[in-house]
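Trainee: I am sharing protein-v6.cif, which consists of mmCIF, C-alpha atoms:
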```cif
data_input
#
loop_
_atom_site.label_atom_id
_atom_site.label_comp_id
_atom_site.auth_asym_id
_atom_site.auth_seq_id
_atom_site.Cartn_x
_atom_site.Cartn_y
_atom_site.Cartn_z
CA MET A 190 -148.94 -92.99 -107.22
CA ALA A 191 -151.95 -92.50 -109.53
CA ASN A 192 -151.71 -93.86 -113.06
CA THR A 193 -154.91 -92.20 -114.31
CA ILE A 194 -155.78 -88.49 -114.54
CA GLN A 195 -159.52 -87.83 -114.87
CA ILE A 196 -161.01 -84.47 -115.77
CA LYS A 197 -164.27 -83.19 -114.22
CA ARG A 198 -167.27 -84.78 -115.96
CA THR A 199 -171.02 -85.22 -115.80
CA LEU A 200 -173.59 -87.58 -117.37
CA GLY A 201 -175.82 -84.56 -117.91
CA SER A 202 -175.57 -81.62 -120.32
CA THR A 203 -174.98 -78.65 -118.02
CA LYS A 204 -171.87 -76.87 -116.77
CA PRO A 205 -170.91 -76.69 -113.09
CA ALA A 206 -171.87 -73.61 -111.08
CA SER A 207 -168.22 -72.60 -110.93
CA VAL A 208 -165.53 -73.34 -113.52
CA SER A 209 -161.93 -72.45 -112.62
CA GLN A 210 -159.48 -70.98 -115.09
CA GLY A 211 -157.93 -73.73 -117.21
CA GLU A 212 -160.26 -76.45 -115.77
CA LEU A 213 -161.35 -79.12 -118.33
CA ILE A 214 -164.93 -80.51 -118.16
CA TYR A 215 -166.87 -82.97 -120.33
CA ALA A 216 -170.68 -83.40 -120.37
CA TYR A 217 -171.64 -86.90 -121.65
CA ASP A 218 -175.37 -86.09 -122.02
CA THR A 219 -176.35 -89.75 -121.84
CA ALA A 220 -180.00 -88.78 -122.21
CA GLY A 221 -179.20 -87.14 -125.55
CA THR A 222 -181.37 -84.08 -124.83
CA ASP A 223 -178.68 -81.39 -124.54
CA ALA A 224 -181.01 -79.59 -122.15
CA GLY A 225 -178.15 -77.66 -120.58
CA GLY A 226 -176.49 -76.64 -123.85
CA PHE A 227 -173.18 -78.42 -123.11
CA GLY A 228 -174.19 -81.98 -124.07
CA LYS A 229 -171.46 -84.15 -125.61
CA LYS A 230 -169.06 -81.17 -125.51
CA LEU A 231 -165.61 -80.58 -124.04
CA PHE A 232 -165.11 -77.12 -122.47
CA ILE A 233 -162.49 -75.22 -120.45
CA GLY A 234 -162.64 -72.41 -117.90
CA ASP A 235 -162.35 -68.89 -119.36
CA PRO A 236 -159.80 -66.63 -117.55
CA ASN A 237 -161.95 -63.57 -118.33
CA SER A 238 -165.21 -65.09 -117.01
CA PRO A 239 -164.28 -68.19 -114.98
CA THR A 240 -167.68 -68.82 -113.36
CA ASN A 241 -170.17 -68.08 -116.14
CA SER A 242 -168.87 -68.62 -119.69
CA PRO A 243 -166.44 -71.52 -120.18
CA LYS A 244 -165.07 -71.96 -123.71
CA ILE A 245 -166.27 -75.00 -125.75
CA ILE A 246 -163.26 -76.60 -127.44
CA GLY A 247 -164.57 -79.93 -128.84
CA GLY A 248 -166.46 -83.10 -128.15
CA GLU A 249 -168.58 -85.86 -129.71
CA TYR A 250 -171.21 -83.35 -130.73
CA TYR A 251 -168.87 -81.85 -133.35
CA THR A 252 -167.37 -85.13 -134.61
CA ASN A 253 -170.90 -86.37 -135.27
CA LEU A 254 -171.59 -83.28 -137.33
CA MET A 255 -168.48 -83.89 -139.42
CA GLU A 256 -169.28 -87.57 -139.96
CA GLY A 257 -172.74 -86.70 -141.26
CA ALA A 258 -171.62 -83.89 -143.58
CA THR A 259 -171.95 -83.88 -147.34
CA ILE A 260 -169.84 -81.80 -149.72
CA GLU A 261 -171.89 -80.41 -152.61
CA ILE A 262 -170.35 -78.77 -155.70
CA TYR A 263 -172.65 -76.77 -157.97
CA GLY A 264 -172.05 -76.17 -161.67
CA PRO A 265 -173.91 -75.68 -164.95
CA GLY A 266 -174.32 -79.45 -165.27
CA GLY A 267 -176.03 -79.78 -161.88
CA VAL A 268 -174.86 -80.61 -158.38
CA SER A 269 -172.46 -83.38 -157.24
CA SER A 270 -172.65 -84.64 -153.65
CA TYR A 271 -169.82 -86.33 -151.72
CA PRO A 272 -170.88 -87.67 -148.27
CA THR A 273 -168.25 -87.97 -145.51
CA ALA A 274 -170.22 -90.28 -143.20
CA ASP A 275 -167.76 -93.15 -143.24
CA GLY A 276 -167.68 -93.54 -139.47
CA ASN A 277 -164.32 -91.87 -139.07
CA ALA A 278 -164.99 -88.34 -140.37
CA ALA A 279 -162.17 -88.95 -142.83
CA ALA A 280 -161.12 -86.34 -145.37
CA LYS A 281 -162.20 -86.78 -148.98
CA ASN A 282 -159.38 -86.55 -151.51
CA PHE A 283 -160.67 -85.39 -154.88
CA THR A 284 -159.03 -86.22 -158.22
CA ASP A 285 -159.75 -85.27 -161.82
CA ASN A 286 -161.96 -88.36 -162.04
CA ASP A 287 -164.04 -87.28 -159.02
CA ILE A 288 -165.03 -83.77 -160.14
CA ASN A 289 -165.73 -82.28 -163.54
CA LEU A 290 -166.51 -78.57 -163.16
CA GLU A 291 -167.85 -76.38 -165.94
CA PHE A 292 -168.12 -72.60 -165.68
CA SER A 293 -169.76 -69.97 -167.86
CA LEU A 294 -169.75 -66.18 -167.62
CA THR A 295 -172.97 -64.21 -167.60
CA ASN A 296 -173.40 -62.13 -170.72
CA THR A 297 -172.87 -58.47 -169.76
CA GLY A 298 -174.22 -57.18 -173.07
CA VAL A 299 -170.87 -55.86 -174.31
CA THR A 300 -170.34 -56.30 -178.04
CA SER A 301 -167.16 -58.18 -178.81
CA GLY A 302 -164.64 -56.40 -180.99
CA THR A 303 -161.68 -54.01 -181.00
CA TYR A 304 -162.10 -50.60 -179.43
CA GLY A 305 -159.96 -47.50 -180.04
CA SER A 306 -158.15 -46.08 -183.06
CA SER A 307 -156.01 -43.13 -184.11
CA THR A 308 -159.11 -40.91 -183.94
CA ALA A 309 -160.98 -42.52 -181.04
CA ILE A 310 -160.19 -43.28 -177.40
CA PRO A 311 -161.65 -46.50 -175.93
CA ASN A 312 -163.61 -46.23 -172.68
CA PHE A 313 -164.87 -49.06 -170.48
CA THR A 314 -167.02 -49.57 -167.38
CA VAL A 315 -166.05 -52.32 -164.92
CA ASP A 316 -168.57 -53.70 -162.39
CA ALA A 317 -167.89 -54.79 -158.80
CA LYS A 318 -166.94 -58.31 -159.94
CA GLY A 319 -164.28 -57.07 -162.35
CA ARG A 320 -166.36 -57.66 -165.49
CA ILE A 321 -166.56 -55.15 -168.32
CA SER A 322 -170.19 -54.06 -168.31
CA SER A 323 -170.00 -51.49 -171.09
CA ALA A 324 -167.56 -50.42 -173.79
CA GLY A 325 -167.43 -47.52 -176.22
CA GLU A 326 -165.27 -44.93 -177.92
CA THR A 327 -164.79 -41.19 -177.69
CA THR A 328 -163.84 -39.42 -180.87
CA VAL A 329 -160.92 -37.02 -180.56
CA ALA A 330 -160.31 -33.87 -182.55
CA THR A 331 -157.82 -34.27 -185.38
CA THR A 332 -157.74 -30.63 -186.48
CA LEU A 333 -155.96 -27.83 -184.61
CA ASN A 334 -157.28 -24.31 -185.11
CA PHE A 335 -155.16 -21.42 -183.90
CA LEU A 336 -155.37 -17.64 -183.83
CA ALA A 337 -152.77 -14.87 -184.06
CA ASP A 338 -152.64 -11.10 -183.98
CA SER A 339 -152.95 -11.14 -187.73
CA ASN A 340 -153.65 -13.57 -190.57
CA THR A 341 -151.73 -12.29 -193.56
CA GLY A 342 -153.20 -13.64 -196.77
CA GLY A 343 -156.47 -14.77 -195.19
CA PHE A 344 -155.53 -18.48 -195.23
CA ASP A 345 -157.28 -21.13 -193.13
CA ALA A 346 -155.37 -21.31 -189.81
CA ALA A 347 -155.97 -25.00 -189.20
CA ILE A 348 -153.67 -28.03 -189.05
CA ALA A 349 -154.55 -31.67 -189.69
CA LEU A 350 -152.82 -33.26 -186.71
CA LEU A 351 -152.49 -36.68 -188.33
CA SER A 352 -150.68 -35.40 -191.41
CA GLU A 353 -149.35 -31.87 -190.84
CA SER A 354 -146.93 -30.13 -188.47
CA LEU A 355 -147.16 -26.79 -186.72
CA SER A 356 -144.11 -24.53 -187.07
CA VAL A 357 -143.44 -21.72 -184.60
CA VAL A 358 -140.94 -19.30 -186.13
CA GLY A 359 -139.46 -16.32 -184.32
CA THR A 360 -138.63 -12.89 -185.67
CA THR A 361 -135.08 -11.55 -185.78
CA ASN A 362 -134.02 -9.69 -182.63
CA GLU A 363 -137.53 -9.99 -181.16
CA ILE A 364 -138.64 -13.56 -180.55
CA VAL A 365 -136.49 -16.68 -180.32
CA THR A 366 -138.04 -20.14 -180.50
CA GLU A 367 -136.42 -23.47 -179.73
CA VAL A 368 -137.55 -27.09 -179.70
CA SER A 369 -135.45 -29.44 -177.55
CA ALA A 370 -134.93 -33.19 -177.91
CA ASP A 371 -137.74 -33.87 -175.43
CA ASN A 372 -140.23 -32.02 -177.72
CA THR A 373 -140.26 -28.91 -175.53
CA LEU A 374 -140.92 -25.60 -177.28
CA ARG A 375 -139.17 -22.59 -175.78
CA VAL A 376 -140.03 -19.01 -176.72
CA GLY A 377 -137.83 -16.12 -175.54
CA LEU A 378 -139.04 -12.82 -174.07
CA ALA A 379 -141.77 -14.47 -172.06
CA GLU A 380 -140.95 -15.71 -168.56
CA ASN A 381 -137.27 -16.52 -169.07
CA VAL A 382 -135.28 -14.19 -171.28
CA THR A 383 -131.63 -14.46 -172.29
CA ILE A 384 -130.05 -11.51 -174.04
CA THR A 385 -126.78 -12.12 -175.83
CA GLY A 386 -124.94 -8.83 -176.18
CA ASN A 387 -125.25 -5.45 -174.52
CA LEU A 388 -128.41 -4.09 -172.94
CA THR A 389 -128.92 -0.38 -172.37
CA VAL A 390 -131.86 0.90 -170.32
CA ASN A 391 -132.41 4.66 -170.43
CA GLY A 392 -134.88 5.93 -167.88
CA THR A 393 -135.42 7.51 -164.49
CA THR A 394 -136.11 4.35 -162.47
CA THR A 395 -135.24 0.72 -163.19
CA THR A 396 -136.89 -1.84 -160.88
CA VAL A 397 -135.73 -5.46 -160.77
CA ASN A 398 -138.04 -7.72 -158.76
CA SER A 399 -135.78 -10.77 -158.52
CA GLU A 400 -134.95 -12.89 -155.48
CA THR A 401 -131.44 -13.56 -156.76
CA VAL A 402 -129.27 -11.20 -158.84
CA THR A 403 -125.92 -12.40 -160.20
CA ILE A 404 -123.41 -10.00 -161.77
CA ASP A 405 -120.22 -11.23 -163.43
CA ASP A 406 -118.58 -7.79 -163.30
CA PRO A 407 -116.00 -7.93 -160.43
CA ILE A 408 -116.26 -4.17 -159.88
CA PHE A 409 -119.70 -2.64 -159.49
CA THR A 410 -119.80 1.04 -160.50
CA LEU A 411 -122.23 3.45 -158.82
CA ALA A 412 -123.13 7.10 -159.49
CA GLY A 413 -122.89 7.20 -163.26
CA ASP A 414 -121.06 5.84 -166.27
CA THR A 415 -118.91 8.93 -166.86
CA PRO A 416 -116.38 10.66 -164.54
CA PRO A 417 -117.94 13.56 -162.53
CA THR A 418 -116.70 17.09 -163.08
CA SER A 419 -117.85 18.56 -159.75
CA ASP A 420 -118.63 17.56 -156.16
CA ASP A 421 -122.33 16.79 -155.81
CA SER A 422 -121.95 16.02 -152.04
CA LEU A 423 -124.02 12.86 -152.42
CA ASP A 424 -123.27 9.63 -150.60
CA ARG A 425 -122.49 6.41 -152.49
CA GLY A 426 -123.34 2.90 -151.36
CA ILE A 427 -126.07 0.33 -150.84
CA GLU A 428 -129.42 1.05 -149.27
CA PHE A 429 -131.38 -1.93 -147.87
CA ARG A 430 -134.70 -2.57 -146.15
CA TRP A 431 -135.13 -4.65 -142.98
CA TYR A 432 -137.41 -4.98 -139.98
CA ASP A 433 -137.09 -5.36 -136.23
CA THR A 434 -139.94 -3.69 -134.32
CA ALA A 435 -140.67 -1.47 -137.33
CA ALA A 436 -139.65 -1.08 -140.95
CA ARG A 437 -136.05 0.15 -141.18
CA LEU A 438 -133.83 1.53 -143.91
CA GLY A 439 -130.16 0.58 -143.64
CA PHE A 440 -127.13 1.96 -145.49
CA PHE A 441 -123.48 1.09 -145.92
CA GLY A 442 -121.14 3.00 -148.19
CA TYR A 443 -119.13 6.17 -148.57
CA ASP A 444 -120.25 9.17 -146.50
CA SER A 445 -119.25 12.12 -148.69
CA SER A 446 -119.39 14.76 -145.94
CA ALA A 447 -117.37 12.67 -143.44
CA GLY A 448 -115.06 11.23 -146.08
CA LYS A 449 -115.44 7.80 -144.44
CA PHE A 450 -116.96 4.42 -145.17
CA THR A 451 -120.04 4.28 -142.96
CA PHE A 452 -122.64 1.75 -141.80
CA ILE A 453 -126.00 3.11 -140.59
CA PRO A 454 -128.56 0.44 -139.61
CA ASN A 455 -131.44 2.93 -139.15
CA ALA A 456 -130.82 5.56 -141.81
CA THR A 457 -132.72 8.41 -143.36
CA ASN A 458 -132.27 9.09 -147.07
CA THR A 459 -132.65 12.75 -147.95
CA GLY A 460 -131.92 13.16 -151.63
CA SER A 461 -129.15 10.50 -151.58
CA VAL A 462 -127.60 12.01 -148.44
CA MET A 463 -127.74 9.43 -145.65
CA SER A 464 -128.00 10.32 -141.98
CA GLY A 465 -128.33 8.39 -138.72
CA SER A 466 -126.28 6.78 -135.98
CA ALA A 467 -123.41 4.53 -137.01
CA GLY A 468 -123.99 0.83 -136.41
CA THR A 469 -121.93 -2.07 -135.12
CA ALA A 470 -119.86 -4.17 -137.50
CA LEU A 471 -118.53 -7.70 -137.01
CA PHE A 472 -115.28 -8.78 -138.68
CA GLY A 473 -113.27 -11.95 -138.30
CA SER A 474 -110.08 -9.90 -138.44
CA LEU A 475 -109.19 -6.31 -139.26
CA GLU A 476 -106.00 -4.92 -140.75
CA LEU A 477 -105.30 -1.15 -140.71
CA ASP A 478 -102.67 0.93 -142.46
CA THR A 479 -102.40 3.16 -139.35
CA ASP A 480 -102.53 2.40 -135.64
CA LEU A 481 -106.05 2.40 -134.18
CA GLU A 482 -106.41 5.21 -131.68
CA VAL A 483 -107.35 4.55 -128.06
CA GLN A 484 -110.60 6.49 -128.36
CA TYR A 485 -111.77 3.92 -130.93
CA GLY A 486 -110.78 0.92 -128.81
CA GLY A 487 -107.23 0.54 -130.11
CA THR A 488 -103.77 0.85 -128.55
CA GLY A 489 -102.43 3.70 -130.62
CA VAL A 490 -99.25 1.75 -131.39
CA SER A 491 -98.34 -1.08 -133.72
CA THR A 492 -95.76 -2.89 -131.53
CA PHE A 493 -94.74 -3.35 -127.85
CA THR A 494 -91.46 -4.21 -126.10
CA SER A 495 -91.15 -7.94 -125.72
CA ASN A 496 -92.05 -9.00 -122.14
CA GLY A 497 -92.91 -5.40 -121.25
CA ILE A 498 -95.90 -4.41 -119.14
CA VAL A 499 -98.52 -2.28 -120.94
CA TYR A 500 -100.06 0.63 -119.06
CA GLY A 501 -102.47 3.42 -119.93
CA ASN A 502 -101.67 6.97 -120.91
CA ALA A 503 -105.04 8.73 -120.82
CA ALA A 504 -106.40 9.18 -124.36
CA ASN A 505 -102.91 8.83 -125.82
CA ALA A 506 -101.26 5.69 -127.14
CA LEU A 507 -100.67 2.96 -124.57
CA GLN A 508 -97.18 2.79 -123.02
CA VAL A 509 -95.02 -0.22 -122.16
CA THR A 510 -92.20 -0.79 -119.68
CA VAL A 511 -88.88 -2.37 -120.52
CA ALA A 512 -88.58 -6.05 -119.85
CA GLY A 513 -87.74 -7.01 -116.26
CA ALA A 514 -84.34 -8.56 -115.54
CA TRP A 515 -83.61 -11.96 -114.07
CA ASP A 516 -80.82 -12.57 -111.54
CA SER A 517 -79.64 -16.06 -112.47
CA SER A 518 -77.11 -16.19 -109.58
CA ASN A 519 -79.78 -15.77 -106.97
CA SER A 520 -82.67 -17.14 -109.11
CA ILE A 521 -84.76 -14.10 -108.56
CA GLY A 522 -86.40 -11.54 -110.79
CA GLN A 523 -87.08 -7.84 -110.47
CA LEU A 524 -90.20 -6.42 -108.81
CA LEU A 525 -92.66 -4.08 -110.54
CA SER A 526 -93.01 -0.77 -108.77
CA VAL A 527 -93.78 2.87 -109.64
CA ASN A 528 -91.68 5.98 -109.55
CA SER A 529 -92.63 9.32 -108.03
CA SER A 530 -94.76 10.11 -111.11
CA GLY A 531 -96.69 6.85 -110.79
CA THR A 532 -95.06 5.36 -113.89
CA PRO A 533 -94.51 1.57 -113.66
CA THR A 534 -90.82 0.63 -113.33
CA TRP A 535 -88.70 -2.38 -112.35
CA THR A 536 -86.61 -2.50 -109.17
CA ASN A 537 -84.32 -4.88 -107.27
CA THR A 538 -84.87 -3.17 -103.91
CA ILE A 539 -87.48 -3.69 -101.27
CA ASP A 540 -87.18 -0.83 -98.78
CA GLY A 541 -89.03 -1.11 -95.52
CA GLY A 542 -88.47 2.62 -94.86
CA THR A 543 -87.25 4.48 -91.69
CA TYR A 544 -88.83 5.62 -88.49
#
```
Output the structure of this file as structure tokens.
Mentor:
Amino acid sequence: MANTIQIKRTLGSTKPASVSQGELIYAYDTAGTDAGGFGKKLFIGDPNSPTNSPKIIGGEYYTNLMEGATIEIYGPGGVSSYPTADGNAAAKNFTDNDINLEFSLTNTGVTSGTYGSSTAIPNFTVDAKGRISSAGETTVATTLNFLADSNTGGFDAAIALLSESLSVVGTTNEIVTEVSADNTLRVGLAENVTITGNLTVNGTTTTVNSETVTIDDPIFTLAGDTPPTSDDSLDRGIEFRWYDTAARLGFFGYDSSAGKFTFIPNATNTGSVMSGSAGTALFGSLELDTDLEVQYGGTGVSTFTSNGIVYGNAANALQVTVAGAWDSSNSIGQLLSVNSSGTPTWTNTIDGGTY
């Protein structure tokens, strides 16, 4: 059993023609010429290029460099050198007694002083090294001039911002102004208007271009603010615009000529008289005061005999049989049959007929 493991080695300074992945090699370069470029170096096979470019990982060549190095520190007082050639390439531990560094900043030409005031804004330029290379001030205006539709009295419309205040005062029933705690000035009758009291608009057409309209009145009144005295034959309801393959005009409301509440998805408005085919409505549930007729999809009746069998009656209300009977003695029920008129009926007889 071997007690010594030796890596591949050479007295020269070259690498072998082929270096396997992970293979360690040392070139002693006893001649000291480093003709092959690997003299006094330890290298290992590269997995990406195993035959041509092994990786150098150490060797005497590098320890010699470290032993002969000198650390130099430059400062305004000159340069201090600290050689490391002590034969062991040992680290140099510096203390306050070893190094005394002095630093000075290059004059950037900026005048020392305080910049900025109540009437001036300071401005600075900073170079790539973080130094202020220039400094100055920009004077700000301290007088506010303002204009209005009129200047009653011909006074000077200017305010000294450092000593005076500007007051914005509204006029009764025309303009309302408000200043909130966050120094926000609000003026009514501009973008947002709140009217406290009643508003009457007299005109032919009133257009409201709002995305959301909220009305507190629980009952919305159409067709005037006074009771009519004659039949004008006009429909009442809501007209709306929508689009599928083309622009459509929809309507839902009271059809005066039919005397019915009507929904028309594709309507024509002729002088407030709506026409068009009735549309389809979707309800979660529907409650009627009268029975819905068969022609409209109903039954025509409001109740059926319990356990009866429902059967049709042309366009008339649906019919229902009596409940079938159960023979508890024989554990058998009646059979559903028809009479000579074809009307469903119950029977206890199964007749095979005669021949």
Trainee: Could you expand the PyMOL selection byres ((chain A and resi 215-226) around 10) into the explicit residues it covers here, written as a ChimeraX atom specification?
Mentor: /A:196-205,213-214,227-233,245,247-250
Trainee: Looking at A:Ile404, A:Ile521, A:Ala436, A:Leu481, which one is nearest to Ala506 in chain A, with distances taken over all atoms listed in the file?
Mentor: A:Leu481
Trainee: Could you list, as a ChimeraX atom specification, every residue matched by the PyMOL selection byres ((chain A and resi 415-423) around 10) in this structure?
Mentor: /A:412-414,424-425,443-446,459-463
Trainee: Could you give me, as a PDB file with C-alpha atoms, in the coordinates of the input, the residues within 12 Å of Ser466 in chain A, counting all atoms listed in the file and dropping anything in the same chain fewer than 6 positions from it?
Mentor:
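part_38.pdb written:
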```pdb
ATOM      1  CA  GLY A 439    -130.160   0.580-143.640  1.00  0.00           C
ATOM      2  CA  PHE A 440    -127.130   1.960-145.490  1.00  0.00           C
ATOM      3  CA  PHE A 441    -123.480   1.090-145.920  1.00  0.00           C
ATOM      4  CA  THR A 451    -120.040   4.280-142.960  1.00  0.00           C
ATOM      5  CA  PHE A 452    -122.640   1.750-141.800  1.00  0.00           C
ATOM      6  CA  ILE A 453    -126.000   3.110-140.590  1.00  0.00           C
ATOM      7  CA  PRO A 454    -128.560   0.440-139.610  1.00  0.00           C
ATOM      8  CA  ASN A 455    -131.440   2.930-139.150  1.00  0.00           C
ATOM      9  CA  ALA A 456    -130.820   5.560-141.810  1.00  0.00           C
ATOM     10  CA  THR A 457    -132.720   8.410-143.360  1.00  0.00           C
TER      11      THR A 457
END
```
Trainee: Do you have the CA of Thr410 in chain A-CA of Gly448 in chain A distance handy?
Mentor: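 Interatomic distance, CA of Thr410 in chain A to CA of Gly448 in chain A: 18.3 Å.
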Trainee: Between CA of Glu353 in chain A and CA of Phe335 in chain A, what is the spacing in Å?
Mentor: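 These atoms are spaced 13.8 Å apart.
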Trainee: What is the CA of Arg375 in chain A-CA of Gly359 in chain A distance in Å, reported with one decimal?
Mentor: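 Distance reported for this atom pair: 10.6 Å.
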Trainee: Apply the PyMOL selection byres ((chain A and resi 299) around 9) to the file shown and report the selected residues as an mmCIF file with C-alpha atoms, keeping the file's coordinate frame.
Mentor:
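File written: result_8.cif
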```cif
data_model
loop_
_atom_site.group_PDB
_atom_site.id
_atom_site.type_symbol
_atom_site.label_atom_id
_atom_site.label_comp_id
_atom_site.auth_asym_id
_atom_site.auth_seq_id
_atom_site.Cartn_x
_atom_site.Cartn_y
_atom_site.Cartn_z
ATOM 1 C CA ASN A 296 -173.400 -62.130 -170.720
ATOM 2 C CA THR A 297 -172.870 -58.470 -169.760
ATOM 3 C CA GLY A 298 -174.220 -57.180 -173.070
ATOM 4 C CA THR A 300 -170.340 -56.300 -178.040
ATOM 5 C CA SER A 301 -167.160 -58.180 -178.810
ATOM 6 C CA ILE A 321 -166.560 -55.150 -168.320
ATOM 7 C CA SER A 322 -170.190 -54.060 -168.310
ATOM 8 C CA SER A 323 -170.000 -51.490 -171.090
ATOM 9 C CA ALA A 324 -167.560 -50.420 -173.790
#
```
